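File shown: model-v3.cif. Contents: mmCIF, C-alpha atoms and all ligand atoms.
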```
data_run
loop_
_atom_site.label_atom_id
_atom_site.label_comp_id
_atom_site.auth_asym_id
_atom_site.auth_seq_id
_atom_site.Cartn_x
_atom_site.Cartn_y
_atom_site.Cartn_z
CA MET A 1 -61.52 -7.24 13.87
CA ALA A 2 -59.18 -8.00 10.96
CA GLY A 3 -59.39 -4.47 9.51
CA ASN A 4 -58.35 -2.87 12.77
CA GLU A 5 -55.54 -5.38 13.26
CA LEU A 6 -54.15 -4.64 9.81
CA GLN A 7 -54.21 -0.94 10.50
CA GLN A 8 -52.48 -1.47 13.81
CA TYR A 9 -49.70 -3.54 12.19
CA ARG A 10 -49.26 -0.97 9.45
CA LYS A 11 -48.95 1.76 12.04
CA GLU A 12 -46.24 -0.22 13.80
CA LEU A 13 -44.52 -0.89 10.48
CA ASP A 14 -44.51 2.81 9.65
CA LYS A 15 -42.98 3.52 13.03
CA LEU A 16 -40.29 0.85 12.49
CA ASN A 17 -39.54 2.30 9.06
CA MET A 18 -38.88 5.65 10.68
CA GLU A 19 -36.69 4.04 13.32
CA LEU A 20 -34.74 2.14 10.64
CA LEU A 21 -34.37 5.35 8.64
CA GLU A 22 -33.01 7.17 11.66
CA LEU A 23 -30.66 4.31 12.53
CA ILE A 24 -29.40 3.90 8.98
CA ASN A 25 -28.62 7.62 8.72
CA LYS A 26 -27.02 7.61 12.18
CA ARG A 27 -24.81 4.79 10.89
CA ALA A 28 -24.06 6.79 7.73
CA SER A 29 -22.93 9.80 9.81
CA LEU A 30 -20.57 7.55 11.76
CA VAL A 31 -19.27 6.09 8.52
CA GLN A 32 -18.54 9.61 7.25
CA GLU A 33 -16.52 10.37 10.39
CA ILE A 34 -14.57 7.14 9.93
CA GLY A 35 -14.02 8.11 6.28
CA LYS A 36 -12.47 11.45 7.34
CA ILE A 37 -10.07 9.71 9.73
CA LYS A 38 -9.11 7.16 7.05
CA GLU A 39 -8.56 9.99 4.56
CA LYS A 40 -6.20 11.76 7.00
CA GLN A 41 -4.28 8.59 7.74
CA GLY A 42 -4.19 7.54 4.09
CA ILE A 43 -5.94 4.25 4.85
CA LYS A 44 -7.96 2.51 2.13
CA LYS A 45 -11.71 2.99 2.55
CA PHE A 46 -12.72 -0.48 1.44
CA ASP A 47 -11.87 -3.06 4.13
CA PRO A 48 -13.17 -6.52 3.17
CA VAL A 49 -11.75 -8.17 6.32
CA ARG A 50 -13.68 -5.78 8.54
CA GLU A 51 -16.82 -6.27 6.40
CA ARG A 52 -16.52 -10.05 6.79
CA LYS A 53 -16.17 -9.72 10.57
CA MET A 54 -19.24 -7.48 10.81
CA LEU A 55 -21.30 -9.88 8.68
CA ASP A 56 -20.22 -12.85 10.86
CA THR A 57 -21.13 -11.03 14.06
CA ILE A 58 -24.49 -9.98 12.65
CA THR A 59 -25.45 -13.42 11.29
CA LYS A 60 -24.40 -15.10 14.55
CA GLN A 61 -26.98 -12.93 16.35
CA ASN A 62 -29.63 -13.51 13.71
CA ASN A 63 -32.72 -15.19 15.11
CA GLY A 64 -34.80 -14.91 11.94
CA PRO A 65 -37.23 -15.00 10.34
CA PHE A 66 -34.79 -13.68 7.69
CA GLU A 67 -32.25 -16.26 6.53
CA ASN A 68 -28.56 -15.44 7.05
CA ALA A 69 -28.04 -15.08 3.29
CA THR A 70 -30.80 -12.46 3.14
CA ILE A 71 -29.37 -10.58 6.10
CA GLU A 72 -25.89 -10.66 4.52
CA HIS A 73 -27.32 -9.28 1.28
CA ILE A 74 -29.13 -6.42 3.01
CA PHE A 75 -26.11 -5.45 5.09
CA LYS A 76 -23.76 -5.71 2.11
CA GLU A 77 -25.96 -3.12 0.38
CA ILE A 78 -25.64 -0.87 3.42
CA PHE A 79 -21.83 -1.34 3.38
CA LYS A 80 -21.70 -0.52 -0.33
CA ALA A 81 -23.75 2.65 0.09
CA SER A 82 -21.57 3.65 3.04
CA LEU A 83 -18.40 3.20 1.02
CA GLU A 84 -19.81 5.43 -1.72
CA LEU A 85 -20.50 8.04 0.93
CA GLN A 86 -16.84 7.93 1.96
CA GLU A 87 -15.50 8.32 -1.56
CA VAL A 88 -15.22 12.09 -1.96
CA ASN A 89 -14.51 11.85 -5.68
CA GLN A 90 -17.32 9.41 -6.42
CA GLN A 91 -19.72 11.69 -8.28
CA LYS A 92 -17.14 14.04 -9.81
CA ALA A 93 -18.35 15.23 -13.21
CA LEU A 94 -16.01 14.87 -16.19
CA LEU A 95 -14.02 17.89 -17.33
CA VAL A 96 -15.36 17.43 -20.88
CA SER A 97 -18.97 17.40 -19.67
CA ARG A 98 -21.57 20.14 -20.09
CA GLU A 99 -22.14 19.87 -16.37
CA VAL A 100 -18.67 21.31 -15.74
CA LYS A 101 -18.72 23.78 -18.66
CA PRO A 102 -22.18 24.64 -20.03
CA GLU A 103 -20.97 26.80 -22.94
CA ASP A 104 -19.57 25.38 -26.22
CA THR A 105 -15.81 25.06 -26.56
CA VAL A 106 -14.53 26.76 -29.71
CA ILE A 107 -11.17 25.56 -31.03
CA HIS A 108 -9.08 28.32 -32.59
CA ILE A 109 -6.65 27.22 -35.27
CA GLN A 110 -4.68 29.98 -36.97
CA LYS A 111 -7.44 32.44 -37.98
CA GLN A 112 -10.07 29.70 -38.19
CA ALA A 113 -12.37 28.27 -35.55
CA ILE A 114 -14.14 24.95 -35.14
CA GLY A 115 -17.28 24.90 -33.05
CA ASN A 116 -18.43 28.49 -33.60
CA GLY A 117 -21.58 27.53 -35.51
CA ASN A 118 -19.99 27.79 -38.96
CA PRO A 119 -19.18 24.27 -40.24
CA GLU A 120 -15.63 23.65 -41.45
CA PHE A 121 -14.42 21.14 -44.04
CA ILE A 122 -11.28 19.12 -43.42
CA MET A 123 -10.31 17.55 -46.72
CA GLY A 124 -7.26 15.95 -48.24
CA PRO A 125 -5.77 12.64 -49.25
CA CYS A 126 -5.86 9.53 -47.12
CA SER A 127 -2.04 9.38 -47.24
CA VAL A 128 0.58 11.94 -48.14
CA GLU A 129 2.33 10.34 -51.11
CA SER A 130 4.32 13.22 -52.64
CA TYR A 131 4.54 17.02 -52.63
CA GLU A 132 2.90 17.19 -56.06
CA GLN A 133 0.01 14.93 -55.04
CA VAL A 134 -0.83 17.02 -51.98
CA GLU A 135 -0.39 20.28 -53.88
CA VAL A 136 -3.06 19.38 -56.46
CA VAL A 137 -5.53 18.85 -53.62
CA ALA A 138 -4.42 21.98 -51.74
CA LYS A 139 -5.05 24.10 -54.86
CA ALA A 140 -8.57 22.69 -55.21
CA LEU A 141 -9.33 23.35 -51.54
CA LYS A 142 -8.07 26.92 -51.89
CA GLU A 143 -10.26 27.45 -54.96
CA ARG A 144 -13.29 26.61 -52.82
CA GLY A 145 -12.18 28.84 -49.97
CA LEU A 146 -11.41 25.98 -47.61
CA THR A 147 -8.80 26.41 -44.92
CA PHE A 148 -8.06 22.91 -43.57
CA LEU A 149 -5.96 20.23 -45.22
CA ARG A 150 -5.64 16.65 -43.97
CA GLY A 151 -3.20 13.92 -44.99
CA GLY A 152 -1.83 10.82 -43.28
CA ALA A 153 1.93 10.46 -42.79
CA PHE A 154 1.91 7.73 -40.12
CA LYS A 155 -0.68 5.26 -41.34
CA PRO A 156 -2.03 2.64 -38.93
CA ARG A 157 -2.71 -0.03 -41.57
CA THR A 158 -4.47 -3.32 -40.90
CA SER A 159 -1.78 -5.25 -42.78
CA PRO A 160 1.92 -4.72 -41.99
CA TYR A 161 2.63 -5.18 -45.72
CA ASP A 162 0.48 -2.19 -46.77
CA PHE A 163 1.90 1.32 -47.28
CA GLN A 164 2.77 2.66 -43.83
CA GLY A 165 3.11 6.34 -44.79
CA LEU A 166 6.06 8.68 -45.32
CA GLY A 167 6.48 9.48 -41.62
CA PHE A 168 8.18 12.79 -40.81
CA GLU A 169 8.92 13.27 -44.51
CA GLY A 170 5.14 13.41 -45.01
CA LEU A 171 4.75 15.97 -42.20
CA LYS A 172 7.40 18.14 -43.87
CA ILE A 173 5.44 18.06 -47.13
CA LEU A 174 2.28 19.09 -45.28
CA LYS A 175 4.10 21.91 -43.51
CA ALA A 176 5.57 23.27 -46.75
CA ILE A 177 2.17 23.23 -48.45
CA SER A 178 0.43 24.74 -45.44
CA GLU A 179 2.83 27.68 -45.61
CA LYS A 180 2.57 28.12 -49.37
CA TYR A 181 -1.25 27.94 -49.44
CA ASN A 182 -1.99 29.28 -45.97
CA LEU A 183 -3.88 26.17 -44.87
CA ALA A 184 -4.12 24.62 -41.42
CA VAL A 185 -2.85 21.03 -41.54
CA ILE A 186 -4.05 17.94 -39.72
CA SER A 187 -2.31 14.60 -39.55
CA GLU A 188 -2.39 11.48 -37.43
CA ILE A 189 0.28 10.63 -34.87
CA VAL A 190 0.53 7.07 -33.57
CA ASN A 191 3.55 7.18 -31.27
CA PRO A 192 3.55 9.14 -27.99
CA ALA A 193 7.28 9.84 -28.48
CA HIS A 194 6.50 11.71 -31.73
CA MET A 195 3.95 14.07 -30.20
CA VAL A 196 6.20 17.04 -29.38
CA GLU A 197 8.19 16.95 -32.62
CA ALA A 198 5.03 16.47 -34.74
CA ALA A 199 3.46 19.53 -33.11
CA GLU A 200 6.11 21.67 -34.82
CA TYR A 201 4.78 20.66 -38.25
CA LEU A 202 1.05 20.42 -37.59
CA ASP A 203 -1.81 22.70 -36.61
CA VAL A 204 -4.01 19.84 -35.37
CA ILE A 205 -2.89 16.38 -34.27
CA GLN A 206 -5.19 13.51 -35.08
CA ILE A 207 -5.57 10.44 -32.91
CA GLY A 208 -7.10 7.75 -35.08
CA ALA A 209 -9.84 5.24 -34.42
CA ARG A 210 -7.35 2.41 -33.80
CA ASN A 211 -5.67 4.42 -31.08
CA MET A 212 -8.67 5.91 -29.30
CA GLN A 213 -7.85 3.87 -26.21
CA ASN A 214 -4.07 4.07 -26.51
CA PHE A 215 -3.86 5.71 -23.13
CA GLU A 216 -0.18 6.64 -23.32
CA LEU A 217 -0.88 8.42 -26.62
CA LEU A 218 -3.87 10.21 -25.08
CA LYS A 219 -1.74 11.34 -22.13
CA ALA A 220 0.99 12.58 -24.48
CA ALA A 221 -1.67 14.51 -26.42
CA GLY A 222 -2.81 16.00 -23.13
CA ARG A 223 0.64 17.34 -22.40
CA ILE A 224 1.04 19.42 -25.57
CA ASN A 225 -0.43 22.79 -26.43
CA LYS A 226 -2.01 21.93 -29.78
CA PRO A 227 -5.58 21.08 -30.82
CA ILE A 228 -6.30 17.35 -30.96
CA LEU A 229 -8.77 15.70 -33.31
CA LEU A 230 -9.88 12.52 -31.56
CA LYS A 231 -11.61 9.88 -33.66
CA ARG A 232 -14.10 7.43 -32.21
CA GLY A 233 -12.78 3.89 -31.93
CA MET A 234 -14.45 1.47 -34.31
CA SER A 235 -15.95 -0.52 -31.44
CA ALA A 236 -16.12 2.24 -28.87
CA THR A 237 -19.29 3.21 -27.06
CA ILE A 238 -20.08 6.90 -26.71
CA SER A 239 -19.13 6.70 -23.06
CA GLU A 240 -15.72 5.20 -23.91
CA PHE A 241 -15.26 7.93 -26.52
CA ILE A 242 -16.04 10.62 -23.94
CA ASN A 243 -13.62 9.04 -21.48
CA ALA A 244 -10.86 8.98 -24.09
CA ALA A 245 -11.36 12.75 -24.54
CA GLU A 246 -11.31 13.09 -20.75
CA TYR A 247 -7.83 11.52 -20.69
CA ILE A 248 -6.54 14.30 -22.93
CA MET A 249 -8.24 17.03 -20.95
CA ALA A 250 -7.26 15.58 -17.57
CA HIS A 251 -3.63 15.79 -18.68
CA GLY A 252 -3.90 19.47 -19.45
CA ASN A 253 -5.13 19.92 -23.02
CA GLY A 254 -8.75 21.01 -23.46
CA GLN A 255 -8.43 21.79 -27.19
CA ILE A 256 -10.26 18.68 -28.40
CA ILE A 257 -12.37 18.11 -31.50
CA LEU A 258 -14.35 14.87 -31.50
CA CYS A 259 -14.85 12.95 -34.74
CA GLU A 260 -17.57 10.38 -35.41
CA ARG A 261 -16.19 8.07 -38.12
CA GLY A 262 -18.56 5.13 -38.04
CA ILE A 263 -18.58 2.04 -35.89
CA ARG A 264 -18.31 -1.62 -36.75
CA THR A 265 -21.66 -3.38 -36.91
CA TYR A 266 -23.07 -6.44 -38.68
CA GLU A 267 -24.02 -4.26 -41.68
CA LYS A 268 -21.88 -4.92 -44.73
CA ALA A 269 -23.41 -2.41 -47.17
CA THR A 270 -21.10 0.29 -45.81
CA ARG A 271 -17.52 0.05 -44.54
CA ASN A 272 -18.71 1.11 -41.09
CA THR A 273 -22.07 2.26 -39.75
CA LEU A 274 -22.28 6.03 -39.38
CA ASP A 275 -23.74 6.61 -35.92
CA ILE A 276 -25.36 9.91 -36.81
CA THR A 277 -27.13 10.44 -33.48
CA ALA A 278 -23.75 10.32 -31.74
CA VAL A 279 -23.47 13.96 -32.88
CA PRO A 280 -26.38 15.40 -30.84
CA ILE A 281 -25.64 13.01 -27.96
CA LEU A 282 -22.03 14.21 -27.74
CA LYS A 283 -23.23 17.80 -28.07
CA GLN A 284 -25.57 17.31 -25.13
CA GLU A 285 -23.09 15.49 -22.95
CA THR A 286 -19.90 17.40 -23.74
CA HIS A 287 -18.97 20.97 -24.57
CA LEU A 288 -16.57 19.89 -27.33
CA PRO A 289 -17.07 20.43 -31.07
CA ILE A 290 -17.82 17.33 -33.14
CA ILE A 291 -17.17 16.64 -36.79
CA VAL A 292 -18.21 13.72 -39.00
CA ASP A 293 -15.83 11.75 -41.23
CA VAL A 294 -18.00 10.71 -44.16
CA THR A 295 -15.22 8.79 -45.94
CA HIS A 296 -14.26 6.18 -43.35
CA SER A 297 -17.80 5.84 -42.00
CA THR A 298 -19.40 5.02 -45.34
CA GLY A 299 -16.45 3.77 -47.41
CA ARG A 300 -18.60 4.62 -50.46
CA ARG A 301 -18.24 7.58 -52.80
CA ASP A 302 -21.96 7.55 -53.62
CA LEU A 303 -22.81 8.15 -49.96
CA LEU A 304 -20.41 10.99 -49.19
CA ILE A 305 -22.77 13.82 -50.17
CA PRO A 306 -25.93 12.49 -48.45
CA ALA A 307 -23.94 11.56 -45.33
CA ALA A 308 -22.38 15.04 -45.18
CA LYS A 309 -25.82 16.64 -45.57
CA ALA A 310 -27.17 14.51 -42.75
CA ALA A 311 -24.21 15.41 -40.53
CA LEU A 312 -24.68 19.15 -41.09
CA ALA A 313 -28.44 18.92 -40.62
CA ILE A 314 -28.02 17.12 -37.28
CA GLY A 315 -25.61 19.76 -35.98
CA ALA A 316 -22.04 18.67 -36.77
CA ASP A 317 -19.37 21.37 -36.54
CA GLY A 318 -17.57 20.10 -39.59
CA ILE A 319 -17.00 17.38 -42.13
CA MET A 320 -13.92 15.33 -42.89
CA ALA A 321 -13.56 13.66 -46.29
CA GLU A 322 -10.74 12.28 -48.40
CA VAL A 323 -9.76 13.83 -51.74
CA HIS A 324 -7.03 12.48 -54.04
CA PRO A 325 -5.92 13.68 -57.51
CA ASP A 326 -6.22 10.14 -58.86
CA PRO A 327 -7.88 7.81 -56.34
CA ALA A 328 -7.44 4.74 -58.55
CA VAL A 329 -3.67 4.83 -57.99
CA ALA A 330 -3.78 5.95 -54.33
CA LEU A 331 -1.55 4.01 -51.93
CA SER A 332 -4.40 3.68 -49.42
CA ASP A 333 -8.21 3.81 -49.48
CA SER A 334 -8.31 3.98 -53.27
CA THR A 335 -11.97 2.96 -53.53
CA GLN A 336 -13.44 5.67 -51.36
CA GLN A 337 -11.55 8.93 -51.99
CA MET A 338 -13.06 11.66 -54.16
CA ASP A 339 -11.24 12.90 -57.23
CA ILE A 340 -11.05 16.65 -57.89
CA PRO A 341 -14.20 16.97 -60.08
CA MET A 342 -16.20 15.05 -57.51
CA PHE A 343 -14.81 17.26 -54.75
CA HIS A 344 -16.16 20.30 -56.61
CA LYS A 345 -19.54 18.61 -57.02
CA PHE A 346 -19.48 17.79 -53.29
CA MET A 347 -18.87 21.45 -52.40
CA ASP A 348 -21.58 22.64 -54.84
CA GLU A 349 -24.13 20.33 -53.24
CA ILE A 350 -23.13 21.30 -49.71
CA ASN A 351 -23.24 25.02 -50.50
CA GLY A 352 -26.68 24.48 -52.04
CA LEU A 353 -27.83 22.80 -48.82
CA LYS A 354 -26.35 25.57 -46.68
CA ARG A 355 -28.27 28.16 -48.73
CA ARG A 356 -31.50 26.18 -48.32
CA LEU A 357 -30.96 25.83 -44.56
CA VAL A 358 -30.44 29.60 -44.23
CA ASP A 359 -33.44 30.60 -46.46
C1 LIG A 401 -7.68 8.60 -41.25
O1 LIG A 401 -8.45 9.53 -41.02
O2 LIG A 401 -6.70 8.70 -41.98
C2 LIG A 401 -7.96 7.27 -40.66
C3 LIG A 401 -7.09 6.28 -40.70
O3 LIG A 401 -9.18 7.18 -40.12
P1 LIG A 401 -9.71 6.24 -38.90
O4 LIG A 401 -8.69 6.35 -37.81
O5 LIG A 401 -11.02 6.86 -38.57
O6 LIG A 401 -9.84 4.86 -39.47
MN MN A 402 -8.25 6.77 -45.37
#
```

Can the structure in the file be given as structure tokens, please?
Amino acid sequence: MAGNELQQYRKELDKLNMELLELINKRASLVQEIGKIKEKQGIKKFDPVRERKMLDTITKQNNGPFENATIEHIFKEIFKASLELQEVNQQKALLVSREVKPEDTVIHIQKQAIGNGNPEFIMGPCSVESYEQVEVVAKALKERGLTFLRGGAFKPRTSPYDFQGLGFEGLKILKAISEKYNLAVISEIVNPAHMVEAAEYLDVIQIGARNMQNFELLKAAGRINKPILLKRGMSATISEFINAAEYIMAHGNGQIILCERGIRTYEKATRNTLDITAVPILKQETHLPIIVDVTHSTGRRDLLIPAAKAALAIGADGIMAEVHPDPAVALSDSTQQMDIPMFHKFMDEINGLKRRLVD
């Protein structure tokens, strides 16, 4: 009877499945032993010549009904899984991941902290142009009780003919103002050879979007004892961003602040597209604090306040925005920086939101 026959075949199939399972695991145990010997002798685990030989021997003995190509495919999958079993480091979680460190990392800078639940504001001009220019901004920040000042001295400009920044002269201006006004200063470094010297002037070193995958710069940042503000590359996926942070941490420096600054998309209404959900994703996947740069992400003054509100509401640890005494004459990013009255309006609105969130 057909029904009985089917049941009989299925019973046999179940038995064969169990035999295959046992055999495949027996093979895996052997592979693990081989892996240990290879590890001791320093031999590479992947051996394509040996794999080829095994496949040839197997297909020569193949009497079907499976075609040789099918058999090769199945065995190649077994080889691949075996190789993964031999790689001890295969599943190693990233140092920046929540898996490795479940609690939030708080970055301490002078007496301030980023990532302790109280959002910080990192404001200042796009570029350091003169002592007087930075001082006007520093005074305004102080008036509002802010403690972080930003300003670019090494500017990675799209055109080689645009203002490239004052270099170390700019860092000296920032340092002098930081001491006079008791502010922590942040500035971008673009050359790995400048890292150690720059650390003497700065409280936080920024790695900009254009350098997020400059691996030598990331390694140099990993070797110093100074907080690093790492900006997301304009075409970087979240995973690439996380791996860039991992470079810094793997080289010894775990004081990393991530910064979402918008990514390049087809949308032209804003300079970049602010990827707002990157904030909670990065919070879930890493233990690092994350801030949002509302200036470079939007490129529009009229969007700075709503974008900052959205960033705080979604859980950002801070906001970065550019402020210039007279944006119209700024040497870089003149269309998107706030002037001083607008900066005060910005802070009023944000403080209003903070009050509403607490009530
Ligand atoms: C900056 O913050 O000065 C800057 C150049 O930003 P980004 O690297 O995000 O473009
Ligand atoms: Mn700028």

Atom CA of Arg271 of chain A and atom CA of Leu229 of chain A are how many Å apart?
-> 21.2 Å

Could you give me, as CSV, a per-residue list for chain A showing, wherever an atom lies at most 6 Å from an atom of ligand LIG 401 (chain A), the closest pair of atoms and their distance in Å to one decimal, using only C-alpha atoms and all ligand atoms and sorting by chain then residue number from low to high?
```
residue,atom,partner,partner_atom,distance
A:Cys126,CA,A:LIG401,O2,5.3
A:Gly152,CA,A:LIG401,O2,5.5
A:Gly208,CA,A:LIG401,O4,3.5
A:Ala209,CA,A:LIG401,O4,3.7
A:Arg210,CA,A:LIG401,O4,5.8
A:Lys231,CA,A:LIG401,O5,5.8
A:Arg261,CA,A:LIG401,O5,5.3
A:His296,CA,A:LIG401,O5,5.8
```

List the neighbours of segment 5-22 of chain A out to 12 Å using only C-alpha atoms; skip same-chain residues closer than 6 positions along the sequence, and give me the result as a PyMOL selection string.
-> chain A and resi 28-29+78

Using C-alpha atoms, can you write the selected residues to a file as a PDB file, in the coordinates of the input?
```pdb
ATOM      1  CA  ALA A  28     -24.060   6.790   7.730  1.00  0.00           C
ATOM      2  CA  SER A  29     -22.930   9.800   9.810  1.00  0.00           C
ATOM      3  CA  ILE A  78     -25.640  -0.870   3.420  1.00  0.00           C
TER       4      ILE A  78
END
```

Residue with smallest distance to Pro280 of chain A - pool A:Ile340, A:Leu304, A:Gly170, A:Leu312, counting only C-alpha atoms |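 Looking at the shortest contact to Pro280 of chain A, the residue is A:Leu312.
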
Env. residues ligand MN 402 (chain A) / 10 Å / only C-alpha atoms and all ligand atoms / as a list of chain:residue names |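 Within the 10 Å cut-off, the matching residues are A:Gly124, A:Pro125, A:Cys126, A:Ser127, A:Gly151, A:Gly152, A:Lys155, A:Pro156, A:Arg157, A:Asp293, A:Thr295, A:His296, A:Gly299, A:Ala321, A:Glu322, A:Val323, A:Leu331, A:Ser332, A:Asp333, A:Ser334, A:Thr335, A:Gln336, A:Gln337.
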
Dump of C-alpha atoms for the selected residues, as a PDB file, in the coordinates of the input:
```pdb
ATOM      1  CA  GLY A 124      -7.260  15.950 -48.240  1.00  0.00           C
ATOM      2  CA  PRO A 125      -5.770  12.640 -49.250  1.00  0.00           C
ATOM      3  CA  CYS A 126      -5.860   9.530 -47.120  1.00  0.00           C
ATOM      4  CA  SER A 127      -2.040   9.380 -47.240  1.00  0.00           C
ATOM      5  CA  GLY A 151      -3.200  13.920 -44.990  1.00  0.00           C
ATOM      6  CA  GLY A 152      -1.830  10.820 -43.280  1.00  0.00           C
ATOM      7  CA  LYS A 155      -0.680   5.260 -41.340  1.00  0.00           C
ATOM      8  CA  PRO A 156      -2.030   2.640 -38.930  1.00  0.00           C
ATOM      9  CA  ARG A 157      -2.710  -0.030 -41.570  1.00  0.00           C
ATOM     10  CA  ASP A 293     -15.830  11.750 -41.230  1.00  0.00           C
ATOM     11  CA  THR A 295     -15.220   8.790 -45.940  1.00  0.00           C
ATOM     12  CA  HIS A 296     -14.260   6.180 -43.350  1.00  0.00           C
ATOM     13  CA  GLY A 299     -16.450   3.770 -47.410  1.00  0.00           C
ATOM     14  CA  ALA A 321     -13.560  13.660 -46.290  1.00  0.00           C
ATOM     15  CA  GLU A 322     -10.740  12.280 -48.400  1.00  0.00           C
ATOM     16  CA  VAL A 323      -9.760  13.830 -51.740  1.00  0.00           C
ATOM     17  CA  LEU A 331      -1.550   4.010 -51.930  1.00  0.00           C
ATOM     18  CA  SER A 332      -4.400   3.680 -49.420  1.00  0.00           C
ATOM     19  CA  ASP A 333      -8.210   3.810 -49.480  1.00  0.00           C
ATOM     20  CA  SER A 334      -8.310   3.980 -53.270  1.00  0.00           C
ATOM     21  CA  THR A 335     -11.970   2.960 -53.530  1.00  0.00           C
ATOM     22  CA  GLN A 336     -13.440   5.670 -51.360  1.00  0.00           C
ATOM     23  CA  GLN A 337     -11.550   8.930 -51.990  1.00  0.00           C
TER      24      GLN A 337
END
```

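When all atoms listed in the file are used to measure the gap to Val106 of chain A, the shortest distance among A:Ser159, A:Thr277, A:Asn118, A:Gln164 belongs to A:Asn118.
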